[in-house]
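S.K.: Following this message is one structure expressed as structure tokens.
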Amino acid sequence: MSQLVEIDHLEVFVIVDNEVDPISSYKVPGLTVGGQLADVAVRAPLQHAERGGAGFEIRMDNLCCGAHGLSLMITATKGDKRRTMLFDTAPEDHIWELNARRLEADIGSVELVQLSHWHRDHSGGMLKAISMINEARPSASPVVVDLHPDRPHYRGFQGPAGPVSLEADPTFAEIEAAGATVVKNDKPHTVLDDMFLVSGEIPRVTSYEVGFKRGMRYNQDTGSWESDELILDERFLMCNVTGKGLVVFTGCSHAGVVNVAKHALQLGGNTKLHAVIGGYHLVGPNEGWIKETVADLNDLNPDILMPGHCSGWRAKVEIERMMPGKLAPSTVGTKFSF
Ligand SMILES: [Zn+2]
Ligand SMILES: [Zn+2]
């Protein structure tokens, strides 16, 4: 595997996340935050000064909408090189398209899409994202989509009255038909001039992070639902920012966010852990290990914790209580710069 290189600068644009909050303040050292209400207003200058000299208007149809899922547009810069990728693609076409347009995101700069794991809340907007990205970069080669080879026919979970199915993830054939070049990877590898590292399987080393309780997958070949609590296809993404350390992007952390952070440190040569952004999945039965999780994260001494998507409010409360000043929740429409 090529070595992950240090980058000068990292920018994260939250295209889709569960929470909308353009008005809370962020006061975390080392983090620049944009996309708040004031930035949205600047995009709508008033043509006439008939409102007593008001120069701008906050237009509600310029604000993003939240949805249960995740999609982050991430740009790494090193010297005069700038490379951009998309981490996950939101739960449905409509929301990805709506937010990408409202944010005026430069989607033509996206060269690669990584899916964190096969769950529809991360893959549902993929086909639309592929076609919009290719349309925005007509002279470039088709966007590459980096996927884990083990795609379940359906995923779901055991409910009180039997299996509950999610919608199917897009198939490899559908993703190719939408105009992407598919690459399949289950081992750690670097992409885009070695500025990003995509993990392989995440080792489970903590005793309490036991996966997605009652998780199941449907096997079309046997016609039956099978237990699938570990979600072994989940892969995180990370960068190494000079002078700051590792910034880790995690989809749902079904492996456990502490396992994610520990493996990131292992792959990154045990340099400093700077930030962890994405879904921590400390909801439902997993609320039972919030305290252990936050204590262990605290021991890893990150500078910033940026829970979003499926993290849940209880985990955010515990982080703020245990590690005051380090919480910067990921919310839709926000632009974070490291
Ligand atoms: Zn998931
Ligand atoms: Zn999820």
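Chain lettering (A, B, ...) mirrors the order of the structure tokens, residue numbering begins at 1 for each chain separately, and ligand numbering begins at 1 in order of display.
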Which residues of range 65-131 of chain A come within 9 Å of range 5-17 of chain A, and for each one, what is the closest pair of atoms and their distance in Å to one decimal, counting only C-alpha atoms, sorted by chain and residue number, as CSV?
M.R.:
```
residue,atom,partner,partner_atom,distance
A:Cys65,CA,A:Val16,CA,7.7
A:Gly66,CA,A:Asp17,CA,5.7
A:Ala67,CA,A:Asp17,CA,6.0
A:His68,CA,A:Asp17,CA,6.6
A:Gly69,CA,A:Asp17,CA,5.6
A:Leu70,CA,A:Asp17,CA,4.7
A:Ser71,CA,A:Val16,CA,4.9
A:Leu72,CA,A:Val14,CA,4.7
A:Met73,CA,A:Phe13,CA,5.0
A:Ile74,CA,A:Val12,CA,4.6
A:Thr75,CA,A:Glu11,CA,5.1
A:Ala76,CA,A:Leu10,CA,4.7
A:Thr77,CA,A:His9,CA,5.1
A:Lys78,CA,A:Ile7,CA,4.9
A:Gly79,CA,A:Asp8,CA,7.1
A:Thr89,CA,A:Val16,CA,7.9
A:Ala90,CA,A:Val16,CA,5.9
A:Pro91,CA,A:Val16,CA,8.7
A:Ile95,CA,A:Val16,CA,7.5
A:Trp96,CA,A:Val16,CA,6.7
A:Asn99,CA,A:Ile15,CA,6.0
A:Ala100,CA,A:Ile15,CA,6.1
A:Leu103,CA,A:Ile15,CA,7.7
A:Ala105,CA,A:Phe13,CA,8.1
```
S.K.: When you look at Pro203 in chain A with a cut-off of 12 Å (counting only C-alpha atoms), what residues show up, excluding the ones that are within fewer than 5 positions of it in the same chain? I need them as a list in words.
M.R.: Glu209, Val210, Gly211, Leu230, Ile231, Leu232, Asp233, Glu234, Arg235, Phe236, Ser253, His254, Ala255, Gly256, Val257, Val258, Asn259, Val260, Ala261, Lys262, His263, Ala264, Gln266 and Leu267 of chain A
S.K.: For the selection you just gave me, I'd like the residues written to a file as an mmCIF file, in the first residue's frame, keeping C-alpha atoms.
M.R.:
```cif
data_model
loop_
_atom_site.group_PDB
_atom_site.id
_atom_site.type_symbol
_atom_site.label_atom_id
_atom_site.label_comp_id
_atom_site.auth_asym_id
_atom_site.auth_seq_id
_atom_site.Cartn_x
_atom_site.Cartn_y
_atom_site.Cartn_z
ATOM 1 C CA GLU A 209 -18.574 -2.243 20.743
ATOM 2 C CA VAL A 210 -20.479 -5.305 19.597
ATOM 3 C CA GLY A 211 -21.903 -4.061 16.299
ATOM 4 C CA LEU A 230 -20.851 -6.894 12.321
ATOM 5 C CA ILE A 231 -21.330 -5.045 8.978
ATOM 6 C CA LEU A 232 -17.800 -6.123 8.038
ATOM 7 C CA ASP A 233 -17.885 -4.178 4.741
ATOM 8 C CA GLU A 234 -17.724 -0.839 6.565
ATOM 9 C CA ARG A 235 -14.646 1.241 5.688
ATOM 10 C CA PHE A 236 -13.612 4.686 6.936
ATOM 11 C CA SER A 253 -19.292 3.345 12.930
ATOM 12 C CA HIS A 254 -21.103 0.017 13.142
ATOM 13 C CA ALA A 255 -17.621 -1.281 14.063
ATOM 14 C CA GLY A 256 -17.632 1.167 16.999
ATOM 15 C CA VAL A 257 -16.181 4.648 16.764
ATOM 16 C CA VAL A 258 -13.370 3.760 19.194
ATOM 17 C CA ASN A 259 -12.387 0.797 16.996
ATOM 18 C CA VAL A 260 -12.483 3.192 14.024
ATOM 19 C CA ALA A 261 -10.256 5.755 15.743
ATOM 20 C CA LYS A 262 -7.803 3.121 16.997
ATOM 21 C CA HIS A 263 -7.445 1.534 13.569
ATOM 22 C CA ALA A 264 -7.016 4.959 11.961
ATOM 23 C CA GLN A 266 -2.630 2.252 13.504
ATOM 24 C CA LEU A 267 -2.866 2.875 9.743
#
```
S.K.: Check the DSSP output for the backbone and give back, as a PyMOL selection string, the residues of range 39-230 of chain A in helix (DSSP H, G or I).
M.R.: chain A and resi 39-42+60-62+93-102+107-109+120-123+126-136+172-177
S.K.: I'd like the neighbourhood of Ala168 in chain A as a list in words, where a residue qualifies if any of its atoms comes within 12 Å (using only C-alpha atoms), though same-chain residues fewer than 4 positions away should be ignored.
M.R.: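 In the requested form, the answer reads Pro91, Glu92, Trp118, His119, Arg120, Asp121, His122, Ser123, Gly124, Arg151, Pro152, His153, Tyr154, Arg155, Gly156, Phe172, Glu174, Arg217, Tyr218 and Gln220 of chain A.
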S.K.: Those selected residues, please, written with N, CA, C and O atoms and delivered as a PDB file, in the first residue's frame.
M.R.:
```
ATOM      1  N   PRO A  91     -29.416   9.479   1.529  1.00  0.00           N
ATOM      2  CA  PRO A  91     -30.401   8.388   1.431  1.00  0.00           C
ATOM      3  C   PRO A  91     -31.224   8.374   0.145  1.00  0.00           C
ATOM      4  O   PRO A  91     -31.802   7.357  -0.197  1.00  0.00           O
ATOM      5  N   GLU A  92     -31.329   9.508  -0.535  1.00  0.00           N
ATOM      6  CA  GLU A  92     -32.160   9.508  -1.748  1.00  0.00           C
ATOM      7  C   GLU A  92     -31.699  10.591  -2.722  1.00  0.00           C
ATOM      8  O   GLU A  92     -31.098  11.592  -2.330  1.00  0.00           O
ATOM      9  N   TRP A 118     -22.573  -0.742   2.832  1.00  0.00           N
ATOM     10  CA  TRP A 118     -23.822  -0.997   2.116  1.00  0.00           C
ATOM     11  C   TRP A 118     -25.014  -0.819   3.048  1.00  0.00           C
ATOM     12  O   TRP A 118     -25.441  -1.773   3.702  1.00  0.00           O
ATOM     13  N   HIS A 119     -25.500   0.378   3.132  1.00  0.00           N
ATOM     14  CA  HIS A 119     -26.733   0.710   3.850  1.00  0.00           C
ATOM     15  C   HIS A 119     -27.368   1.827   3.050  1.00  0.00           C
ATOM     16  O   HIS A 119     -26.692   2.789   2.683  1.00  0.00           O
ATOM     17  N   ARG A 120     -28.651   1.708   2.808  1.00  0.00           N
ATOM     18  CA  ARG A 120     -29.331   2.598   1.869  1.00  0.00           C
ATOM     19  C   ARG A 120     -29.264   4.083   2.270  1.00  0.00           C
ATOM     20  O   ARG A 120     -29.322   4.960   1.418  1.00  0.00           O
ATOM     21  N   ASP A 121     -29.129   4.363   3.581  1.00  0.00           N
ATOM     22  CA  ASP A 121     -29.073   5.785   3.975  1.00  0.00           C
ATOM     23  C   ASP A 121     -27.746   6.431   3.539  1.00  0.00           C
ATOM     24  O   ASP A 121     -27.577   7.645   3.643  1.00  0.00           O
ATOM     25  N   HIS A 122     -26.811   5.602   3.029  1.00  0.00           N
ATOM     26  CA  HIS A 122     -25.532   6.122   2.530  1.00  0.00           C
ATOM     27  C   HIS A 122     -25.416   5.988   1.012  1.00  0.00           C
ATOM     28  O   HIS A 122     -24.615   6.685   0.388  1.00  0.00           O
ATOM     29  N   SER A 123     -26.191   5.068   0.443  1.00  0.00           N
ATOM     30  CA  SER A 123     -26.058   4.771  -0.993  1.00  0.00           C
ATOM     31  C   SER A 123     -27.227   5.271  -1.833  1.00  0.00           C
ATOM     32  O   SER A 123     -27.145   5.276  -3.058  1.00  0.00           O
ATOM     33  N   GLY A 124     -28.316   5.696  -1.183  1.00  0.00           N
ATOM     34  CA  GLY A 124     -29.565   5.956  -1.909  1.00  0.00           C
ATOM     35  C   GLY A 124     -29.500   7.063  -2.950  1.00  0.00           C
ATOM     36  O   GLY A 124     -30.241   7.050  -3.927  1.00  0.00           O
ATOM     37  N   ARG A 151     -21.560  -6.904  -1.481  1.00  0.00           N
ATOM     38  CA  ARG A 151     -22.837  -6.177  -1.412  1.00  0.00           C
ATOM     39  C   ARG A 151     -23.965  -7.153  -1.093  1.00  0.00           C
ATOM     40  O   ARG A 151     -24.253  -8.050  -1.888  1.00  0.00           O
ATOM     41  N   PRO A 152     -24.636  -6.981   0.081  1.00  0.00           N
ATOM     42  CA  PRO A 152     -25.761  -7.868   0.390  1.00  0.00           C
ATOM     43  C   PRO A 152     -26.927  -7.602  -0.576  1.00  0.00           C
ATOM     44  O   PRO A 152     -27.075  -6.468  -1.057  1.00  0.00           O
ATOM     45  N   HIS A 153     -27.737  -8.605  -0.840  1.00  0.00           N
ATOM     46  CA  HIS A 153     -28.904  -8.379  -1.704  1.00  0.00           C
ATOM     47  C   HIS A 153     -29.854  -7.373  -1.052  1.00  0.00           C
ATOM     48  O   HIS A 153     -30.385  -6.487  -1.721  1.00  0.00           O
ATOM     49  N   TYR A 154     -30.059  -7.556   0.223  1.00  0.00           N
ATOM     50  CA  TYR A 154     -30.788  -6.550   1.027  1.00  0.00           C
ATOM     51  C   TYR A 154     -30.178  -6.555   2.414  1.00  0.00           C
ATOM     52  O   TYR A 154     -29.675  -7.582   2.867  1.00  0.00           O
ATOM     53  N   ARG A 155     -30.251  -5.417   3.089  1.00  0.00           N
ATOM     54  CA  ARG A 155     -29.911  -5.392   4.511  1.00  0.00           C
ATOM     55  C   ARG A 155     -31.152  -5.083   5.312  1.00  0.00           C
ATOM     56  O   ARG A 155     -32.105  -4.487   4.789  1.00  0.00           O
ATOM     57  N   GLY A 156     -31.147  -5.432   6.574  1.00  0.00           N
ATOM     58  CA  GLY A 156     -32.284  -5.140   7.426  1.00  0.00           C
ATOM     59  C   GLY A 156     -31.954  -5.503   8.855  1.00  0.00           C
ATOM     60  O   GLY A 156     -30.781  -5.585   9.217  1.00  0.00           O
ATOM     61  N   PHE A 172     -23.973  -3.071  -8.603  1.00  0.00           N
ATOM     62  CA  PHE A 172     -22.775  -2.685  -9.363  1.00  0.00           C
ATOM     63  C   PHE A 172     -23.163  -2.313 -10.801  1.00  0.00           C
ATOM     64  O   PHE A 172     -22.656  -1.342 -11.355  1.00  0.00           O
ATOM     65  N   GLU A 174     -26.054  -1.159 -11.920  1.00  0.00           N
ATOM     66  CA  GLU A 174     -26.758   0.140 -11.957  1.00  0.00           C
ATOM     67  C   GLU A 174     -25.773   1.297 -11.807  1.00  0.00           C
ATOM     68  O   GLU A 174     -25.939   2.352 -12.430  1.00  0.00           O
ATOM     69  N   ARG A 217     -29.040  -9.717   6.958  1.00  0.00           N
ATOM     70  CA  ARG A 217     -28.985  -9.542   5.510  1.00  0.00           C
ATOM     71  C   ARG A 217     -29.786 -10.650   4.828  1.00  0.00           C
ATOM     72  O   ARG A 217     -29.874 -11.770   5.336  1.00  0.00           O
ATOM     73  N   TYR A 218     -30.374 -10.297   3.682  1.00  0.00           N
ATOM     74  CA  TYR A 218     -31.157 -11.265   2.925  1.00  0.00           C
ATOM     75  C   TYR A 218     -30.268 -11.898   1.872  1.00  0.00           C
ATOM     76  O   TYR A 218     -29.603 -11.197   1.098  1.00  0.00           O
ATOM     77  N   GLN A 220     -30.346 -13.888  -1.371  1.00  0.00           N
ATOM     78  CA  GLN A 220     -31.259 -14.233  -2.455  1.00  0.00           C
ATOM     79  C   GLN A 220     -31.068 -15.690  -2.894  1.00  0.00           C
ATOM     80  O   GLN A 220     -32.005 -16.327  -3.343  1.00  0.00           O
TER      81      GLN A 220
END
```
S.K.: So how far away is CA of His148 in chain A from CA of Ser116 in chain A, in Å?
M.R.: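 Between these atoms lies a distance of 8.3 Å.
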S.K.: So the first atom is CA of Ser311 in chain A and the second is CA of Ile290 in chain A; what is the distance between them in Å, to one decimal place?
M.R.: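 We find that CA of Ser311 in chain A and CA of Ile290 in chain A lie 10.0 Å from each other.
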S.K.: Pick out the closest residue to ligand 2 from this set: A:Asp296, A:Glu229, A:Asp88, A:Glu287. Count only C-alpha atoms and all ligand atoms.
M.R.: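 So, comparing all the options, the nearest one is A:Asp88.
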S.K.: Kindly give the distance, in Å, that separates CA of Ser109 in chain A and CA of Phe249 in chain A, rounded to a single decimal.
M.R.: 19.2 Å
S.K.: Enumerate, as a PDB file with C-alpha atoms, in the first residue's frame, the complete set of residues in range 4-167 of chain A that a backbone-based DSSP assignment places in strand (DSSP E or B).
M.R.:
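In the end it all went to part-v6.pdb:
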```pdb
ATOM      1  CA  GLU A   6       0.536  14.853   4.594  1.00  0.00           C
ATOM      2  CA  ILE A   7      -1.666  17.565   3.106  1.00  0.00           C
ATOM      3  CA  HIS A   9      -5.324  21.919   4.002  1.00  0.00           C
ATOM      4  CA  LEU A  10      -8.631  20.060   4.204  1.00  0.00           C
ATOM      5  CA  GLU A  11     -12.116  21.299   3.464  1.00  0.00           C
ATOM      6  CA  VAL A  12     -15.314  19.396   4.261  1.00  0.00           C
ATOM      7  CA  PHE A  13     -18.668  20.411   2.806  1.00  0.00           C
ATOM      8  CA  VAL A  14     -21.598  18.651   4.479  1.00  0.00           C
ATOM      9  CA  ILE A  15     -23.984  18.035   1.552  1.00  0.00           C
ATOM     10  CA  VAL A  16     -26.363  15.824   3.550  1.00  0.00           C
ATOM     11  CA  THR A  32     -12.912  27.353  10.582  1.00  0.00           C
ATOM     12  CA  VAL A  33     -16.656  27.069   9.998  1.00  0.00           C
ATOM     13  CA  GLY A  34     -18.677  28.455   7.086  1.00  0.00           C
ATOM     14  CA  PRO A  45     -27.815  40.493  -2.508  1.00  0.00           C
ATOM     15  CA  PHE A  56     -28.911  41.103   1.550  1.00  0.00           C
ATOM     16  CA  SER A  71     -22.793  12.779   2.209  1.00  0.00           C
ATOM     17  CA  LEU A  72     -19.589  14.759   2.640  1.00  0.00           C
ATOM     18  CA  MET A  73     -17.676  16.501  -0.154  1.00  0.00           C
ATOM     19  CA  ILE A  74     -14.023  16.598   0.875  1.00  0.00           C
ATOM     20  CA  THR A  75     -11.209  18.571  -0.754  1.00  0.00           C
ATOM     21  CA  ALA A  76      -7.532  18.032   0.109  1.00  0.00           C
ATOM     22  CA  THR A  77      -4.866  20.522  -0.927  1.00  0.00           C
ATOM     23  CA  LYS A  78      -1.115  19.980  -1.101  1.00  0.00           C
ATOM     24  CA  LYS A  81      -2.644  20.153  -6.123  1.00  0.00           C
ATOM     25  CA  ARG A  82      -6.307  20.003  -5.143  1.00  0.00           C
ATOM     26  CA  ARG A  83      -8.225  16.719  -5.141  1.00  0.00           C
ATOM     27  CA  THR A  84     -11.879  16.254  -4.230  1.00  0.00           C
ATOM     28  CA  MET A  85     -13.931  13.212  -3.324  1.00  0.00           C
ATOM     29  CA  LEU A  86     -17.392  12.413  -2.064  1.00  0.00           C
ATOM     30  CA  PHE A  87     -17.791  10.245   1.035  1.00  0.00           C
ATOM     31  CA  VAL A 110     -15.433  15.428  -7.518  1.00  0.00           C
ATOM     32  CA  GLU A 111     -13.208  12.702  -9.011  1.00  0.00           C
ATOM     33  CA  LEU A 112     -14.039   9.791  -6.759  1.00  0.00           C
ATOM     34  CA  VAL A 113     -16.963   8.585  -4.650  1.00  0.00           C
ATOM     35  CA  GLN A 114     -16.395   6.231  -1.722  1.00  0.00           C
ATOM     36  CA  VAL A 144     -14.770   6.525 -10.062  1.00  0.00           C
ATOM     37  CA  VAL A 145     -16.860   4.805  -7.376  1.00  0.00           C
ATOM     38  CA  ASP A 146     -14.921   2.850  -4.740  1.00  0.00           C
ATOM     39  CA  LEU A 147     -17.027   0.057  -3.241  1.00  0.00           C
ATOM     40  CA  TYR A 154     -30.788  -6.550   1.027  1.00  0.00           C
ATOM     41  CA  ARG A 155     -29.911  -5.392   4.511  1.00  0.00           C
ATOM     42  CA  GLY A 156     -32.284  -5.140   7.426  1.00  0.00           C
ATOM     43  CA  PHE A 157     -32.748  -6.121  11.028  1.00  0.00           C
ATOM     44  CA  GLN A 158     -34.736  -8.509  13.164  1.00  0.00           C
ATOM     45  CA  GLY A 159     -37.920  -6.782  14.305  1.00  0.00           C
ATOM     46  CA  GLY A 162     -39.718 -10.865  11.863  1.00  0.00           C
ATOM     47  CA  PRO A 163     -37.111  -9.344   9.543  1.00  0.00           C
ATOM     48  CA  VAL A 164     -37.500  -5.697   8.515  1.00  0.00           C
ATOM     49  CA  SER A 165     -35.868  -4.962   5.163  1.00  0.00           C
TER      50      SER A 165
END
```
S.K.: Under the rule that only C-alpha atoms are counted, which of A:Gln36, A:Thr331, A:Ser2, A:Thr190 is the nearest residue to Cys239 in chain A?
M.R.: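 Of all the options, A:Thr190 lies closest to Cys239 in chain A.
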S.K.: Using only C-alpha atoms and all ligand atoms, which of A:Ile23, A:Ala44, A:Val276, A:Val283 sits nearest ligand 2?
M.R.: A:Val283
S.K.: From the set A:Val183, A:Ile130, A:Val40, A:Leu166, which residue has the shortest atom-to-atom contact distance to ligand 1, counting only C-alpha atoms and all ligand atoms?
M.R.: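 Residue with the minimum atom-to-atom distance to ligand 1: A:Leu166.
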S.K.: Which is closest to ligand 2 among A:Asn18, A:Asn219, A:Ala275, A:Arg204, if we use only C-alpha atoms and all ligand atoms?
M.R.: A:Asn18
S.K.: Which residue is closest to ligand 2? Choose from A:Pro149, A:Ile107, A:Ile58, A:Cys310 and count only C-alpha atoms and all ligand atoms.
M.R.: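 The answer is A:Cys310, which sits nearest to ligand 2.
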S.K.: Considering only C-alpha atoms, return as a ChimeraX atom specification whatever protein or nucleic-acid residues lie within 9 Å of Pro302 in chain A, sequence-local ones (same chain, fewer than 5 positions apart) excluded.
M.R.: /A:272-276,297,326
S.K.: Mind dumping the selected residues with N, CA and C atoms as a compact mmCIF listing (two decimals), in the first residue's frame?
M.R.:
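Saved to result.txt:
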```
# COMPACT_ATOMS: atom_id res chain seq x y z
N LYS A 272 -0.86 11.93 15.60
CA LYS A 272 -1.91 12.55 16.42
C LYS A 272 -3.29 12.38 15.77
N LEU A 273 -4.30 12.08 16.59
CA LEU A 273 -5.68 12.06 16.12
C LEU A 273 -6.24 13.47 16.26
N HIS A 274 -6.58 14.09 15.12
CA HIS A 274 -7.06 15.47 15.18
C HIS A 274 -8.59 15.53 15.31
N ALA A 275 -9.30 14.84 14.41
CA ALA A 275 -10.76 14.94 14.41
C ALA A 275 -11.40 13.66 13.90
N VAL A 276 -12.62 13.40 14.39
CA VAL A 276 -13.42 12.28 13.89
C VAL A 276 -14.79 12.83 13.51
N LEU A 297 -12.54 7.61 23.85
CA LEU A 297 -12.18 8.65 22.87
C LEU A 297 -11.33 9.72 23.55
N LYS A 326 -14.49 20.61 22.78
CA LYS A 326 -14.01 19.79 21.65
C LYS A 326 -15.13 19.35 20.71
```
S.K.: Near Met306 in chain A, counting only C-alpha atoms, which residues have an atom at most 6 Å away, once you skip same-chain residues fewer than 6 positions from it, shown as an MDAnalysis selection string?
M.R.: chainID A and resid 276:277 328:330
